[in-house]
Each structure stands twice: as C-alpha cells, then as structure tokens.
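> The following block contains the structure, expressed as structure tokens.
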Amino acid sequence: MELIICKDYEELSQKASEIIISMLKENPKSILGLATGSTPEGMYANLVKANENNEISFKDVKTFNLDEYYGLDPENDQSYRYFMNDKLFNHVDINKEYTRVPSGTIENPEEYGKKYDEEIENAGGTDIQVLGIGANGHIGFNEPSDVFTPETHLVKLTEKTISDNSRFFENIDDVPKEAITMGMKSIMSAKKVLLIANGKNKADAIYKSLRGPIDPKVPASILQVHPDLVVILDEDAASLL
Ligand code: F6R
C-alpha cells in the first residue's frame with residue numbers, strides 16, 4: 001500500500017488527479033472505475049481543466065461507476081448518473097456511450113448485476129478504481145455486513161448512510177433506501193485502487209480499514225489485500241493512523 005497524506009483537500013485532489021492524468025497519458029484507452037460523492041469532486045474539476053488544456057483526452061476512455069440509487073432515473077438531479085454528467089462527462093471529450101453507471105430503474109437487479117459485472121470483465125477489468133469511503137467504512141454502497149458480496153447487487157442503505165447522504169436532499173425522507181452497487185469482485189479486480197478521504201468524520205473508518213482486521217463489518221478493510229492500493233488522505237482523515 002502506498003499512503004499519501006496531504007495538508008488539505010486541494011492537495012489531495014491534486015495528487016489524485018495526477019494519478020489519473022499520468023495514466024491517461026500513458027494509456028489513452030484506459031478503463032476507469034469511478035465514484036460519486038463529495039470527495040472526488042475536486043479531482044474531477046482538475047481532470048476537466050486538464051482536458052480543457054489538451055493535456056489529456058477522454059476520447060477513447062471507458063468508465064464504469066460504482067453505484068446508483070435504486071428508484072432514481074438518470075434525469076433526477078440526485079441520481080449518480082446526473083452527478084457524473086454534471087461533474088465530469090458533460091465537460092470533457094468523452095463518448096457518453098462508453099460511460100456506464102448502474103441503472104437505478106431496472107426491474108431485475110440480480111440479472112442486471114450479472115450483466116454489469118460481465119461487461120466490466122469483458123472490457124478486461126478497470127485499470128483503476130477510484131473509491132471514497134463512508135463514515136461506516138462502506139465502499140461503493142457495500143454496507144457493513146456479515147459477508148463480502150462479490151457481485152453487483154441491490155443493497156439496503158443503513159440509517160447512517162441515509163443520514164450522511166441526506167445533506168444532498170431537501171428532506172431525509174427523500175433519500176432512497178436502496179441502491180445498486182458494484183460488489184467486491186469487480187472492485188478488487190481493478191489493476192489499481194485509489195482510495196481518497198478527507199475530514200475528521202472519516203478518520204475512524206480509515207483507521208479501522210487500514211489498520212484493523214479484514215472484516216465485512218468494515219467493508220473497506222478488504223482493500224488491505226489489494227496488490228496495488230494507493231490511499232490519499234488529508235491530515236484530518238489520517239489523524240488516527
Ligand atoms: C459513491 C460511493 C460512496 C462514497 C462514500 C463517501 O459513488 O460509492 O461509497 O464514496 O459514501 O461519500 P462522500 O465522498 O460524499 O463523503
């Protein structure tokens with residue numbers, strides 16, 4: 001594991017974007033596993049700038065996102081498809097047909113999950129998977145559980161996640177109670193994993209994930225066995241290490 005501790009969010013976003021930028025320079029056909037949420041927003045803004053400056057192109061890039069709220073359609077401004085279009089895809093030269101975000105409106109999540117995993121596998125797996133982390137240690141929407149679930153699947157969101165994510169909604173009752181998430185197999189098969197976290201509220205999850213036992217009750221702890229894990233933190237998120 002490579003651990004990079006940054007003085008603040010800006011430096012974290014800078015370092016995270018540098019990794020993606022050098023990957024795209026080396027391989028313009030990279031396959032990126034992407035995350036939503038507050039943490040990667042600065043990184044996406046830097047990637048948009050790098051594309052505007054013609055430093056990198058997304059023309060031949062393919063992407064697979066981690067998750068989507070179940071029940072939200074892509075036009076809903078709280079959906080993760082909307083977030084990705086708004087923060088990255090609408091502002092770079094990517095072919096949207098090469099971008100995948102799990103659908104929140106499918107009827108058979110089990111069948112759909114299999115197809116999503118197959119599509120990732122057929123593409124040769126992701127070259128890098130970007131991950132944020134929940135305050136409860138979730139990655140994607142793999143919530144604390146008795147087992148690590150390998151496949152892309154439907155999950156019930158925990159009270160903690162619903163309350164953490166309610167900041168994006170007008171009312172806590174508007175937060176969807178379920179989501180479709182990539183499972184551990186597709187996450188762990190990424191050639192490189194980039195975990196980013198900032199803020200004191202992530203310190204405990206980071207400590208347990210990186211220093212504690214590997215335990216599905218702390219889903220991110222599985223990353224300890226990934227052969228190429230890069231963790232970029234600000235000082236607050238690193239404060240318990
Ligand atoms: C989002 C995702 C989640 C978030 C996590 C942290 O696609 O998979 O695991 O990364 O909930 O969210 P933020 O960055 O908003 O603190």
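Labeling convention for the structure tokens: chains A, B, ... as they appear, residues from 1 per chain, ligands from 1 in order of appearance.
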All residues within 8 Å of ligand 1 are required, counting only C-alpha atoms and all ligand atoms; please report them as a PyMOL selection string.

chain A and resi 34-40+65-68+80+131-135+138-142+161+165+181+197-198

> From a DSSP pass on the backbone, collect the residues of region 76-151 of chain A flagged as strand (DSSP E or B) and hand them back as a list in words.

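Filtering region 76-151 of chain A to strand (DSSP E or B) leaves Thr99, Arg100, Ile128, Gln129, Val130, Leu131, Ile139 and Asn142 of chain A.
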
> Could you write out the selected residues, including N, CA and C atoms, as a JSON list (two decimals), in the first residue's frame?


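Contents of the output file result-v7.json:
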```json
[["chain", "number", "residue", "atom", "x", "y", "z"],
["A", 99, "THR", "N", -19.64, 5.36, -21.25],
["A", 99, "THR", "CA", -19.72, 5.58, -19.80],
["A", 99, "THR", "C", -20.87, 4.74, -19.23],
["A", 100, "ARG", "N", -20.57, 4.04, -18.18],
["A", 100, "ARG", "CA", -21.59, 3.19, -17.55],
["A", 100, "ARG", "C", -21.78, 3.60, -16.09],
["A", 128, "ILE", "N", -8.08, 1.36, -13.14],
["A", 128, "ILE", "CA", -8.03, 1.98, -11.80],
["A", 128, "ILE", "C", -9.46, 2.09, -11.28],
["A", 129, "GLN", "N", -9.64, 1.83, -10.01],
["A", 129, "GLN", "CA", -10.93, 2.05, -9.37],
["A", 129, "GLN", "C", -10.76, 3.16, -8.34],
["A", 130, "VAL", "N", -11.47, 4.26, -8.54],
["A", 130, "VAL", "CA", -11.46, 5.35, -7.56],
["A", 130, "VAL", "C", -12.52, 5.06, -6.51],
["A", 131, "LEU", "N", -12.17, 5.21, -5.26],
["A", 131, "LEU", "CA", -13.12, 4.97, -4.17],
["A", 131, "LEU", "C", -13.10, 6.10, -3.16],
["A", 139, "ILE", "N", -17.64, 0.97, 0.92],
["A", 139, "ILE", "CA", -17.06, 1.37, -0.37],
["A", 139, "ILE", "C", -18.09, 1.00, -1.43],
["A", 142, "ASN", "N", -21.39, -0.94, -0.61],
["A", 142, "ASN", "CA", -21.23, -2.18, 0.15],
["A", 142, "ASN", "C", -21.21, -1.80, 1.62]]
```

> Do a neighbour search on His153 (chain A) at 9 Å with only C-alpha atoms, toss out local chain neighbours closer than 6 positions, and write the hits as a list in words.

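Final neighbour list, sorted by chain and number: Pro109, Glu110, Tyr112, Gly113, Lys114, Ala179, Ile180, Thr181, Met182 and Gly183 of chain A.
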
> Contacts of Glu121 (chain A) at 12 Å or less, counting only C-alpha atoms, minus same-chain residues fewer than 6 places along, as a ChimeraX atom specification?

/A:31,64,114-115,127,151,185-190

> Hey, what does DSSP flag as helix (DSSP H, G or I) within region 162-232 of chain A? Can you give it to me as a ChimeraX atom specification?

/A:162-168,172-174,184-188,200-211,219-225

> Considering only C-alpha atoms, state which residue in the set A:Val175, A:Val193, A:Ile120, A:Val147 is at the smallest distance from Ala16 (chain A).

A:Val193

> Can you pull out every residue within 9 Å of region 212-219 of chain A, counting only C-alpha atoms, but drop anything in the same chain fewer than 4 positions away, and send it as an MDAnalysis selection string?

chainID A and resid 136:139 142:149 184 205 207:208 223:225

> Which residues are near region 43-50 of chain A? Cut-off 12 Å, only C-alpha atoms, ignore same chain within fewer than 2 positions. Put them as a PyMOL selection string.

chain A and resi 9-25+34-41+52-58+83-94+130-132+194+196-197+232

> Write the residues you've just listed into a file as a compact mmCIF listing (two decimals), in the first residue's frame, and include C-alpha atoms for each of them.


```
# COMPACT_ATOMS: atom_id res chain seq x y z
CA TYR A 9 -8.39 18.85 0.32
CA GLU A 10 -6.87 20.84 -2.51
CA GLU A 11 -3.59 18.94 -2.34
CA LEU A 12 -5.50 15.64 -2.07
CA SER A 13 -7.48 16.47 -5.21
CA GLN A 14 -4.28 17.50 -6.98
CA LYS A 15 -2.47 14.25 -6.14
CA ALA A 16 -5.48 12.09 -7.05
CA SER A 17 -5.93 13.82 -10.42
CA GLU A 18 -2.20 13.50 -11.16
CA ILE A 19 -2.50 9.72 -10.92
CA ILE A 20 -5.37 9.64 -13.43
CA ILE A 21 -3.70 12.18 -15.72
CA SER A 22 -0.48 10.19 -15.95
CA MET A 23 -2.48 7.01 -16.52
CA LEU A 24 -4.38 8.61 -19.42
CA LYS A 25 -1.17 9.97 -20.91
CA LEU A 34 -15.37 5.98 -10.88
CA ALA A 35 -17.09 7.12 -7.69
CA THR A 36 -19.51 9.90 -6.87
CA GLY A 37 -19.90 11.88 -3.63
CA SER A 38 -18.17 14.99 -2.28
CA THR A 39 -14.67 13.54 -2.05
CA PRO A 40 -13.81 13.16 -5.77
CA GLU A 41 -15.37 16.49 -6.84
CA GLU A 52 -9.54 21.82 -21.48
CA ASN A 53 -5.77 22.42 -21.63
CA ASN A 54 -5.43 19.47 -24.04
CA GLU A 55 -3.17 17.74 -21.56
CA ILE A 56 -5.37 14.62 -21.68
CA SER A 57 -8.21 13.29 -23.80
CA PHE A 58 -11.12 11.09 -22.77
CA PHE A 83 -23.76 13.73 -10.89
CA MET A 84 -21.25 12.15 -13.28
CA ASN A 85 -22.60 14.07 -16.28
CA ASP A 86 -22.60 17.27 -14.28
CA LYS A 87 -19.15 16.94 -12.69
CA LEU A 88 -17.20 15.27 -15.47
CA PHE A 89 -18.78 13.76 -18.59
CA ASN A 90 -20.54 16.94 -19.84
CA HIS A 91 -17.28 18.89 -19.66
CA VAL A 92 -14.79 16.55 -21.34
CA ASP A 93 -14.43 14.94 -24.76
CA ILE A 94 -15.69 11.54 -23.60
CA VAL A 130 -11.46 5.35 -7.56
CA LEU A 131 -13.12 4.97 -4.17
CA GLY A 132 -14.41 7.28 -1.49
CA LEU A 194 -7.21 4.71 -5.43
CA ILE A 196 -9.41 9.04 -1.18
CA ALA A 197 -10.80 10.51 2.02
CA ILE A 232 -4.62 9.62 -0.40
```

> Just how far from CA of Asp164 (chain A) is CA of Asp236 (chain A), in Å to one decimal?

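Here the two named atoms are 17.9 Å from each other.
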
> So what do you get for CA of Lys192 (chain A) versus CA of Glu178 (chain A), distance-wise?

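Between CA of Lys192 (chain A) and CA of Glu178 (chain A) the gap is 27.9 Å.
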
> So which residues touch Leu3 (chain A) within 8 Å, counting only C-alpha atoms, skipping near sequence neighbours fewer than 3 positions away, as a list in words?

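Near Leu3 (chain A), the qualifying residues are Val230, Val231, Ile232 and Leu233 of chain A.
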
> Could you tell me how far CA of Thr63 (chain A) lies from CA of Thr152 (chain A), in Å and to one decimal?

15.6 Å

> I need the residue nearest Ile106 (chain A) from this list: A:Glu2, A:Gly125, A:Ser166, A:Leu154. Use only C-alpha atoms for the distance.

A:Leu154
